[in-house]
Amino acid sequence: MPGDGMTPRPGYDPASLFSGVIVILLGTLLLLDQADVLELRAEYLLPAVLAAVGGILLACGLAGPPRGRS
Amino acid sequence: MTDTPPPTPQPDQPAPDQPAPEQPPRRLTRSSEDSLIGGVAGGIGRHLNVDPLAIRITFVILTFAGGLGLLAYLLCLIFVPTDDPSAPPLKWGLARTLGAGLLAVAALAILVPDWFWGPQVPLMVVAGAVVYLLVRVVREDGGSHAGRMAARIAIGIVLVALAAGGLVAAAAGAALGGGIAVAGIVIACGVGLVGGAFRGGARWLIVPAIVLALPLGAVAATDLDVRGTWGDRTFQPASTAELAGGYEMGMGSMRVDLRGLDLPPGRTDLRLDIGMGEIKVLVPESVCVTTEAEVGVGVVNTGDGDQGGVDLDIRDKRAVAPGVAQLHVIADVGVGAVLVGDRFASWDRPGGWHDDGFDALQTGTSRAACRGTA
């Protein structure tokens, strides 16, 4: 209700959306490496994987519980 | 209106006032009337319409066949209900479950002893615990506190097992050349997450995405490729022409013995590739050897000590005098070790270190040979 002081939740699940984008980016990176389009060394690839996992966890943490559990 | 004549009794049907002949019960039950121990033989005999004595004799004979008769009798005693209506209903309690589980384990130990006494026993115990918890949840409909707790434990064990299996499968699939497919599945999970975000969320897809992406990332980072020959192989080329194609293996131990080789003046390249394992190159003392090694995770030693770590790129910077016979080893290892030297040894007999062995690197390659002063 307007004016009740509560922020309306968006019409989508932000955690799923941002996690999906991160997963797609990571999967594309890995796909390009496996297809020998890119030659990624461990010093770049491993931090990228860790950053992706961290980003997903952060997105889930900031988004709160899924719909129907709040 | 016509009167319907009364039905006339058929010759093969009993009269209505006569009792019907006793039919064997459709469901197998233990007999409460013909019972010596638990009514198993009596119940089976009644069910099959045979003399229970024959069933008892069969049980006794099978008991002498590795205890099968006793085992079968006990299983029937546990699982076949009695026909006594006053008996308490069959309850799937812990004692009955544990008893049945132990009997099943004993049966496996008797029937397949070679298979049983192996590493799969702990897995069987875990699987049995999971099955018990799930059965308990199903029977209690998850309503009680114990049922809910059992459900959580069982689901947790199943999820951990699935995740571990997924990690191993993804790593193996990627290392065996299926990295593109695994990456495709990861992208598909991402697309599912984005699509599911507008349909109430699909966070569960995060788990398979991570389970697949982590091992794939590790495999990609180490350039691990285990396609090819597996095992221990020793190569002893007789001429430099045999070195042209190099040697390649998927997994194992690659030993290249070049002591019998007469290298010409100038540089001769030797390409060695192994996905997971070790490469050992044994060279003549008089030959100048330079090494160029890329190792995803592992160790390189060309006589100057171990250089270990992740994503190693070792390049020998030895100065080579003109006209010197030079062997240039180009090694590519996903996970493992590269050892190059003119003396290996092994502790393979009571006399101590055995120089002709091929185990531990004793002496690295000669620097003097590269200067032409060896």
# chains A, B, ... in the order shown; residues from 1 in each chain; ligands from 1
call {"tool": "closest_atom_pairs", "arguments": {"of": "chain A", "to": "chain B", "cutoff": "6 Å", "atoms": "only C-alpha atoms", "output": "JSON lines"}}
result
{"residue": "A:Tyr12", "atom": "CA", "partner": "B:Phe198", "partner_atom": "CA", "distance": 4.5}
{"residue": "A:Asp13", "atom": "CA", "partner": "B:Ala197", "partner_atom": "CA", "distance": 4.6}
{"residue": "A:Ser16", "atom": "CA", "partner": "B:Ala197", "partner_atom": "CA", "distance": 5.0}
{"residue": "A:Leu17", "atom": "CA", "partner": "B:Val194", "partner_atom": "CA", "distance": 4.6}
{"residue": "A:Gly20", "atom": "CA", "partner": "B:Gly190", "partner_atom": "CA", "distance": 4.1}
{"residue": "A:Val23", "atom": "CA", "partner": "B:Gly190", "partner_atom": "CA", "distance": 4.9}
{"residue": "A:Ile24", "atom": "CA", "partner": "B:Ile187", "partner_atom": "CA", "distance": 4.7}
{"residue": "A:Gly27", "atom": "CA", "partner": "B:Ile187", "partner_atom": "CA", "distance": 4.9}
{"residue": "A:Leu30", "atom": "CA", "partner": "B:Ala183", "partner_atom": "CA", "distance": 5.9}
{"residue": "A:Leu31", "atom": "CA", "partner": "B:Ala183", "partner_atom": "CA", "distance": 5.1}
{"residue": "A:Gln34", "atom": "CA", "partner": "B:Ile180", "partner_atom": "CA", "distance": 5.6}
{"residue": "A:Arg41", "atom": "CA", "partner": "B:Ala221", "partner_atom": "CA", "distance": 5.7}
{"residue": "A:Ala42", "atom": "CA", "partner": "B:Ala221", "partner_atom": "CA", "distance": 4.2}
call {"tool": "write_last_selection", "arguments": {"atoms": "N, CA and C atoms", "output": "mmCIF file, in the first residue's frame"}}
result
data_model
loop_
_atom_site.group_PDB
_atom_site.id
_atom_site.type_symbol
_atom_site.label_atom_id
_atom_site.label_comp_id
_atom_site.auth_asym_id
_atom_site.auth_seq_id
_atom_site.Cartn_x
_atom_site.Cartn_y
_atom_site.Cartn_z
ATOM 1 N N TYR A 12 10.699 -9.362 -10.193
ATOM 2 C CA TYR A 12 11.591 -10.468 -10.554
ATOM 3 C C TYR A 12 12.453 -10.792 -9.346
ATOM 4 N N ASP A 13 13.132 -11.916 -9.413
ATOM 5 C CA ASP A 13 14.029 -12.307 -8.326
ATOM 6 C C ASP A 13 15.422 -11.787 -8.651
ATOM 7 N N SER A 16 18.375 -14.375 -8.661
ATOM 8 C CA SER A 16 18.424 -15.267 -9.827
ATOM 9 C C SER A 16 18.926 -14.509 -11.049
ATOM 10 N N LEU A 17 18.466 -13.274 -11.196
ATOM 11 C CA LEU A 17 18.848 -12.495 -12.383
ATOM 12 C C LEU A 17 20.346 -12.224 -12.399
ATOM 13 N N GLY A 20 22.384 -15.351 -12.669
ATOM 14 C CA GLY A 20 22.336 -15.867 -14.042
ATOM 15 C C GLY A 20 23.289 -15.139 -14.967
ATOM 16 N N VAL A 23 26.783 -16.247 -14.103
ATOM 17 C CA VAL A 23 27.031 -17.615 -14.576
ATOM 18 C C VAL A 23 27.214 -17.641 -16.097
ATOM 19 N N ILE A 24 26.395 -16.844 -16.795
ATOM 20 C CA ILE A 24 26.535 -16.802 -18.255
ATOM 21 C C ILE A 24 27.910 -16.252 -18.641
ATOM 22 N N GLY A 27 30.502 -18.920 -17.778
ATOM 23 C CA GLY A 27 30.412 -20.032 -18.726
ATOM 24 C C GLY A 27 30.961 -19.661 -20.090
ATOM 25 N N LEU A 30 34.726 -19.714 -19.883
ATOM 26 C CA LEU A 30 35.227 -21.089 -19.897
ATOM 27 C C LEU A 30 35.052 -21.726 -21.274
ATOM 28 N N LEU A 31 33.952 -21.400 -21.925
ATOM 29 C CA LEU A 31 33.712 -21.948 -23.264
ATOM 30 C C LEU A 31 34.776 -21.454 -24.253
ATOM 31 N N GLN A 34 37.969 -23.306 -23.530
ATOM 32 C CA GLN A 34 37.937 -24.697 -23.969
ATOM 33 C C GLN A 34 37.947 -24.814 -25.490
ATOM 34 N N ARG A 41 45.305 -18.219 -18.520
ATOM 35 C CA ARG A 41 46.206 -18.829 -17.559
ATOM 36 C C ARG A 41 45.523 -18.920 -16.204
ATOM 37 N N ALA A 42 46.083 -19.776 -15.364
ATOM 38 C CA ALA A 42 45.470 -20.007 -14.051
ATOM 39 C C ALA A 42 45.413 -18.728 -13.236
#
call {"tool": "residues_around", "arguments": {"residues": "Gly54 (chain A)", "least_positions_apart": "4", "cutoff": "12 Å", "atoms": "only C-alpha atoms", "output": "ChimeraX atom specification"}}
result
/A:18-19,22-23,47-50,58-61 /B:210
call {"tool": "atom_distance", "arguments": {"atom1": "CA of Glu39 (chain A)", "atom2": "CA of Val207 (chain B)"}}
result
26.7 Å
call {"tool": "residues_around", "arguments": {"residues": "Leu62 (chain A)", "least_positions_apart": "6", "cutoff": "10 Å", "atoms": "only C-alpha atoms", "output": "NGL selection string"}}
result
:A and (14-15 or 56)
call {"tool": "select_by_dssp", "arguments": {"residues": "region 59-300 of chain B", "states": "alpha helix (DSSP H)", "output": "MDAnalysis selection string"}}
result
chainID B and resid 59:63 68:79 94:111 113:116 120:140 145:173 179:197 206:222
call {"tool": "atom_distance", "arguments": {"atom1": "CA of Leu339 (chain B)", "atom2": "CA of Thr302 (chain B)"}}
result
5.7 Å
call {"tool": "residues_around", "arguments": {"residues": "Arg271 (chain B)", "least_positions_apart": "4", "cutoff": "6 Å", "atoms": "only C-alpha atoms", "output": "list in words"}}
result
Gly246, Ile330 and Ala331 of chain B
call {"tool": "atom_distance", "arguments": {"atom1": "CA of Arg46 (chain B)", "atom2": "CA of Ile78 (chain B)"}}
result
18.5 Å
call {"tool": "closest_residue", "arguments": {"among": "A:Ala51, A:Leu45, A:Ala63, A:Leu57", "to": "Leu29 (chain A)", "atoms": "only C-alpha atoms"}}
result
A:Leu45
call {"tool": "select_by_dssp", "arguments": {"residues": "region 110-283 of chain B", "states": "strand (DSSP E or B)", "output": "ChimeraX atom specification"}}
result
/B:230-235,247-257,266-282
